[in-house]
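> Sharing a structure with you now.
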2 protein chains.
Amino acid sequence: MKKLINDPENVVRESLMGMAAAHPDLIRVNFDPNYVVRADAPVQGKVGVISGGGSGHEPMHGGFVGMGMLDAACPGAVFTSPTPDQMLEATKAVNGGAGVLHIVKNYTGDVMNFEMAADLAKGEGIEVKSLLIEDDVAVQDSLYTAGRRGVGSTVLAEKICGAAAEEGRSLEQVYEVGCKVHDWGRSMGMALTSCVVPHVGQPTFDLPENEMEIGIGIHGEPGRTRMEIKPANEIVEMLMEPVINDLPYKQGDEVLLFLNGMGGTPLIELYLAYNHAVKVAEKHGLKVVRNLVGPYITSLEMAGMSITLLKMDEDLIKLWDAPVKTPALRWGV
Amino acid sequence: MKKLINDPENVVRESLMGMAAAHPDLIRVNFDPNYVVRADAPVQGKVGVISGGGSGHEPMHGGFVGMGMLDAACPGAVFTSPTPDQMLEATKAVNGGAGVLHIVKNYTGDVMNFEMAADLAKGEGIEVKSLLIEDDVAVQDSLYTAGRRGVGSTVLAEKICGAAAEEGRSLEQVYEVGCKVHDWGRSMGMALTSCVVPHVGQPTFDLPENEMEIGIGIHGEPGRTRMEIKPANEIVEMLMEPVINDLPYKQGDEVLLFLNGMGGTPLIELYLAYNHAVKVAEKHGLKVVRNLVGPYITSLEMAGMSITLLKMDEDLIKLWDAPVKTPALRWGV
């Protein structure tokens, strides 16, 4: 196993310690239970926005904690849901009196544990709403999911809901804008290689040297199909077409195009793929008005990419453009 | 070869097209000769700062073009120096009448071609100064270099010289602050895996499953030694000790600690390594006052990292903190 680690059991903890050391102006890290929280939390009178999930998808979610995005993130073990006590403590830590939004990717463990945490938080008098993200059009059910998996739209929902909370919207309003991201965002991914989970030490799956997997999940869950590797432009089309065909796009719509790297694919390839993705969008009459290109929701060192389209309106554009100051996304401030 | 590309010969061009499509607010891309240039270039009365080198190290250099950093970047073919005409045209495109600084990594081809471009530009009446970066303490001479290779300090020099130019300093002053980065910065890198150059199609070198290479260059040039993979903390020490021992650090110095990913190493590992690197710095009496953690000077999908230490003073800290707005680095604006 070729990794820069010490003990596989301590990877998440030591990495969180590094994050805390690198970004004391932006975040604090709490241990036992583990969560990353805005340095200035709780912000009084502001809706708290939290998310969480298995580690190994960095910078998601901890890298998105800070002004204008998440108030806290709960990292589980690698590819493993965080526990309800992490989510409960994070919810309490960001509660500024205006309620807390949980952004939950649709994986069975995450959903169950966030539900439990929400119930416990409500029992302590904190208003909580839960936004489920289920944007992956590749498969209907999956190894870890009933229903569609939650992938790229999560990053966009975290930015947009975070901006809405930052400008003082109510919990109901922040939730509503999150629902718009849910309704208007679709994704699909692919992999050229597997990744190696540190405490497993072996590739999650085998993929022959000349093959790729289309529709793969972010934990290496099976996708739609395996086939011989094609030129990048064809691969882009294989991801874009199902996304565009799966509602609710129509000619003339404005979209955000998010071309995400799975971790091991270099930026030179992501921009190359983005170049063609814009053309495919335009061919379908979509106007790309905003974009994000880079490794934001990864699968350790997996080579591959995912593409997310989010239909935008004036409000979503305004919230996307709003200032953000986190370890992984920063602009306007 | 597991890559998201179409034709190996077109990788750089198609990737540049994607960059241009993604960041029209920040940059423009000129083709034939290829260079990435600030959208608002030339900025009248401002010193122009340009750099360049082989592609495959993204986001360096094109990702660093924008307000507060580079005015232009010249991308060569993958791992191949750009040509003098690229550098000459970029120099002319950013010349706002106050002269142009060339930031050159010490590789024989880059040095030769930038020298030729500088001579040609001077012949056209443009004042040019060249800042050579040679910060890699691993080896004295290398496959592509007489003298030390230029690596991580380049990113820091581009940010700091860019900020100095932005605040209106003269060419001589921008050059001087660059010399400080040259004198006060040291780096060393290591790799767990090779990378594959697209038009070669095979790994640049073989590294057995249980081995790593310490002191490797960013093109896979041989380093100091190969050995069995060690725990991350030991690897960090193997990089930090030669860097710290190689002048000009002393007890109590303030430093910027740049923990750079080579491309294929996930962020979770980079933060884990950063966590220990800070401790090693502190053990030597250094105070880490600024940091940068992430893949900024990469070798395609190579797994590994490099560590750069730059001694800081009040002026360097001010220039580091100054606003920057580029595709890959953005803060304060």
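As shown in the structure tokens, the chain order sets the letters A, B, ...; within each chain, residues go from 1, and ligands are also counted from 1 in the order they appear.
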Set the cut-off to 6 Å and count only C-alpha atoms: what are the residues of chain B that reach chain A? Output as a PyMOL selection string.

chain B and resi 4-6+14-15+18-19+231-232+264+266+268-269+271-272+274-275+300-301+331-333

> Output the selection as a short mmCIF file (atom, residue, chain, number, x, y, z; two decimals), in the first residue's frame - N, CA and C atoms for each residue.


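And here's part_9.cif as it stands now:
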```
data_model
loop_
_atom_site.label_atom_id
_atom_site.label_comp_id
_atom_site.auth_asym_id
_atom_site.auth_seq_id
_atom_site.Cartn_x
_atom_site.Cartn_y
_atom_site.Cartn_z
N LEU B 4 -7.56 10.59 -18.89
CA LEU B 4 -8.70 11.25 -19.54
C LEU B 4 -8.17 12.19 -20.60
N ILE B 5 -7.81 11.61 -21.75
CA ILE B 5 -7.29 12.43 -22.84
C ILE B 5 -7.90 11.95 -24.15
N ASN B 6 -7.70 12.75 -25.18
CA ASN B 6 -8.12 12.33 -26.52
C ASN B 6 -6.87 11.88 -27.28
N GLU B 14 -5.82 21.26 -25.53
CA GLU B 14 -7.22 21.09 -25.09
C GLU B 14 -7.39 21.50 -23.63
N SER B 15 -6.37 21.26 -22.84
CA SER B 15 -6.45 21.66 -21.44
C SER B 15 -6.45 23.19 -21.32
N GLY B 18 -9.77 24.46 -22.06
CA GLY B 18 -10.65 24.30 -20.90
C GLY B 18 -10.42 25.37 -19.85
N MET B 19 -9.16 25.70 -19.61
CA MET B 19 -8.85 26.77 -18.65
C MET B 19 -9.46 28.08 -19.11
N PRO B 231 6.94 4.92 7.61
CA PRO B 231 5.78 5.70 8.07
C PRO B 231 5.93 7.17 7.68
N ALA B 232 4.80 7.83 7.49
CA ALA B 232 4.79 9.21 7.00
C ALA B 232 5.65 10.13 7.86
N GLY B 264 -0.95 12.76 -7.18
CA GLY B 264 -1.74 11.57 -6.89
C GLY B 264 -1.93 11.27 -5.42
N PRO B 266 -3.68 11.96 -1.94
CA PRO B 266 -4.89 12.66 -1.48
C PRO B 266 -4.62 13.65 -0.36
N ILE B 268 -6.03 14.03 2.41
CA ILE B 268 -6.05 13.47 3.76
C ILE B 268 -4.62 13.12 4.19
N GLU B 269 -3.80 12.67 3.23
CA GLU B 269 -2.41 12.34 3.55
C GLU B 269 -1.55 13.59 3.67
N TYR B 271 -2.46 16.56 4.75
CA TYR B 271 -2.68 17.18 6.07
C TYR B 271 -2.03 16.35 7.18
N LEU B 272 -2.08 15.03 7.02
CA LEU B 272 -1.42 14.16 8.00
C LEU B 272 0.07 14.46 8.03
N TYR B 274 1.50 17.25 7.03
CA TYR B 274 1.67 18.62 7.53
C TYR B 274 1.70 18.65 9.05
N ASN B 275 0.82 17.83 9.63
CA ASN B 275 0.74 17.77 11.09
C ASN B 275 2.11 17.48 11.71
N LEU B 300 2.03 15.41 -12.80
CA LEU B 300 0.88 14.63 -13.29
C LEU B 300 0.26 13.86 -12.12
N GLU B 301 0.14 12.53 -12.22
CA GLU B 301 -0.55 11.77 -11.18
C GLU B 301 0.42 11.10 -10.21
N TRP B 331 -7.39 34.71 -2.48
CA TRP B 331 -7.86 35.19 -1.18
C TRP B 331 -7.84 36.71 -1.15
N GLY B 332 -8.58 37.25 -0.21
CA GLY B 332 -8.56 38.69 0.02
C GLY B 332 -9.34 39.50 -1.00
N VAL B 333 -9.98 38.83 -1.94
CA VAL B 333 -10.69 39.55 -2.99
C VAL B 333 -11.69 38.61 -3.66
#
```

> Show which residues sit within 12 Å of Pro82 of chain A, as a ChimeraX atom specification. Count only C-alpha atoms, and ignore same-chain residues fewer than 5 positions away.

/A:12,32-35,51-55,61,73-77,87-90,104-105,107-114,116-117

> Please, what distance in Å, to one decimal, runs between atom CA of Ile27 of chain B and atom CA of Asp40 of chain B?

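One can read the atom CA of Ile27 of chain B to atom CA of Asp40 of chain B distance as 7.9 Å.
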
> Any chance you could list, as a PyMOL selection string, the residues in segment 7-222 of chain B that come up helix (DSSP H, G or I) when DSSP is run on the backbone?

chain B and resi 8-22+62-64+84-94+108-123+153-166+171-184

> Using DSSP on the backbone coordinates, identify all residues within segment 150-275 of chain B classified as strand (DSSP E or B); present the result as a PyMOL selection string.

chain B and resi 185-191+196+203+211-214+225-228+254-261

> Write out the residues from the selection above, keeping C-alpha atoms, as an mmCIF file, in the first residue's frame.


```cif
data_model
loop_
_atom_site.group_PDB
_atom_site.id
_atom_site.type_symbol
_atom_site.label_atom_id
_atom_site.label_comp_id
_atom_site.auth_asym_id
_atom_site.auth_seq_id
_atom_site.Cartn_x
_atom_site.Cartn_y
_atom_site.Cartn_z
ATOM 1 C CA GLY B 185 13.670 29.086 0.447
ATOM 2 C CA ARG B 186 14.632 25.400 0.382
ATOM 3 C CA SER B 187 12.746 22.306 -0.763
ATOM 4 C CA MET B 188 12.923 18.550 -1.061
ATOM 5 C CA GLY B 189 10.499 15.997 -2.498
ATOM 6 C CA MET B 190 9.761 12.294 -2.604
ATOM 7 C CA ALA B 191 7.637 9.905 -4.644
ATOM 8 C CA VAL B 196 3.015 8.524 -17.105
ATOM 9 C CA PRO B 203 5.733 5.107 -16.451
ATOM 10 C CA GLU B 211 9.706 1.252 -2.285
ATOM 11 C CA MET B 212 9.824 5.031 -2.437
ATOM 12 C CA GLU B 213 12.324 7.518 -3.805
ATOM 13 C CA ILE B 214 13.601 10.330 -1.605
ATOM 14 C CA THR B 225 18.049 7.262 -2.518
ATOM 15 C CA ARG B 226 15.490 4.528 -2.873
ATOM 16 C CA MET B 227 14.343 2.626 0.151
ATOM 17 C CA GLU B 228 11.485 0.708 1.649
ATOM 18 C CA GLU B 254 9.559 32.578 11.287
ATOM 19 C CA VAL B 255 8.827 30.397 8.278
ATOM 20 C CA LEU B 256 6.214 29.573 5.710
ATOM 21 C CA LEU B 257 5.726 25.800 5.505
ATOM 22 C CA PHE B 258 4.556 24.605 2.100
ATOM 23 C CA LEU B 259 3.468 20.985 2.019
ATOM 24 C CA ASN B 260 2.947 20.190 -1.630
ATOM 25 C CA GLY B 261 1.234 17.176 -3.153
#
```

> At a cut-off of 8 Å, using only C-alpha atoms, what residues contact segment 320-322 of chain B? Leave out same-chain residues fewer than 6 positions from it and give the result as a tab-separated table (two decimals) with C-alpha atoms, in the first residue's frame.


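So out.tsv came out as:
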```tsv
chain	number	residue	atom	x	y	z
B	68	GLY	CA	-1.61	39.71	-7.48
B	159	LYS	CA	2.95	34.90	-5.24
B	160	ILE	CA	5.36	37.25	-3.50
B	163	ALA	CA	2.14	41.02	-4.88
B	332	GLY	CA	-8.56	38.69	0.02
```

> Between B:Gly168, B:Pro242, B:Gly97, B:Pro84, single out the one closest to Val139 of chain B, counting only C-alpha atoms.

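Under the stated criterion, the closest residue is B:Pro242.
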
> Give me, as a PyMOL selection string, all polymer residues having an atom no more than 8 Å from Leu101 of chain A, counting only C-alpha atoms and skipping those fewer than 5 positions away in the same chain.

chain A and resi 47-50+128-131+171+174-175

> Restrict the selected residues to C-alpha atoms and save them as a PDB file, in the first residue's frame.


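So the final result, stored in result_14.pdb, reads:
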```
ATOM      1  CA  VAL A  47     -28.770  29.305  10.948  1.00  0.00           C
ATOM      2  CA  GLY A  48     -26.096  26.653  11.439  1.00  0.00           C
ATOM      3  CA  VAL A  49     -25.295  24.450   8.446  1.00  0.00           C
ATOM      4  CA  ILE A  50     -23.559  21.136   9.008  1.00  0.00           C
ATOM      5  CA  VAL A 128     -33.268  20.958  12.953  1.00  0.00           C
ATOM      6  CA  LYS A 129     -34.144  20.397   9.329  1.00  0.00           C
ATOM      7  CA  SER A 130     -32.541  17.763   7.108  1.00  0.00           C
ATOM      8  CA  LEU A 131     -31.736  18.178   3.436  1.00  0.00           C
ATOM      9  CA  LEU A 171     -33.979  27.881   8.655  1.00  0.00           C
ATOM     10  CA  VAL A 174     -32.151  27.997   3.874  1.00  0.00           C
ATOM     11  CA  TYR A 175     -33.828  24.615   3.619  1.00  0.00           C
TER      12      TYR A 175
END
```

> So, counting only C-alpha atoms, which residue among A:Ala121, A:Val36, A:Ile297, A:Leu247 is closest to Thr326 of chain A?

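Nearest candidate to Thr326 of chain A out of A:Ala121, A:Val36, A:Ile297, A:Leu247: A:Val36.
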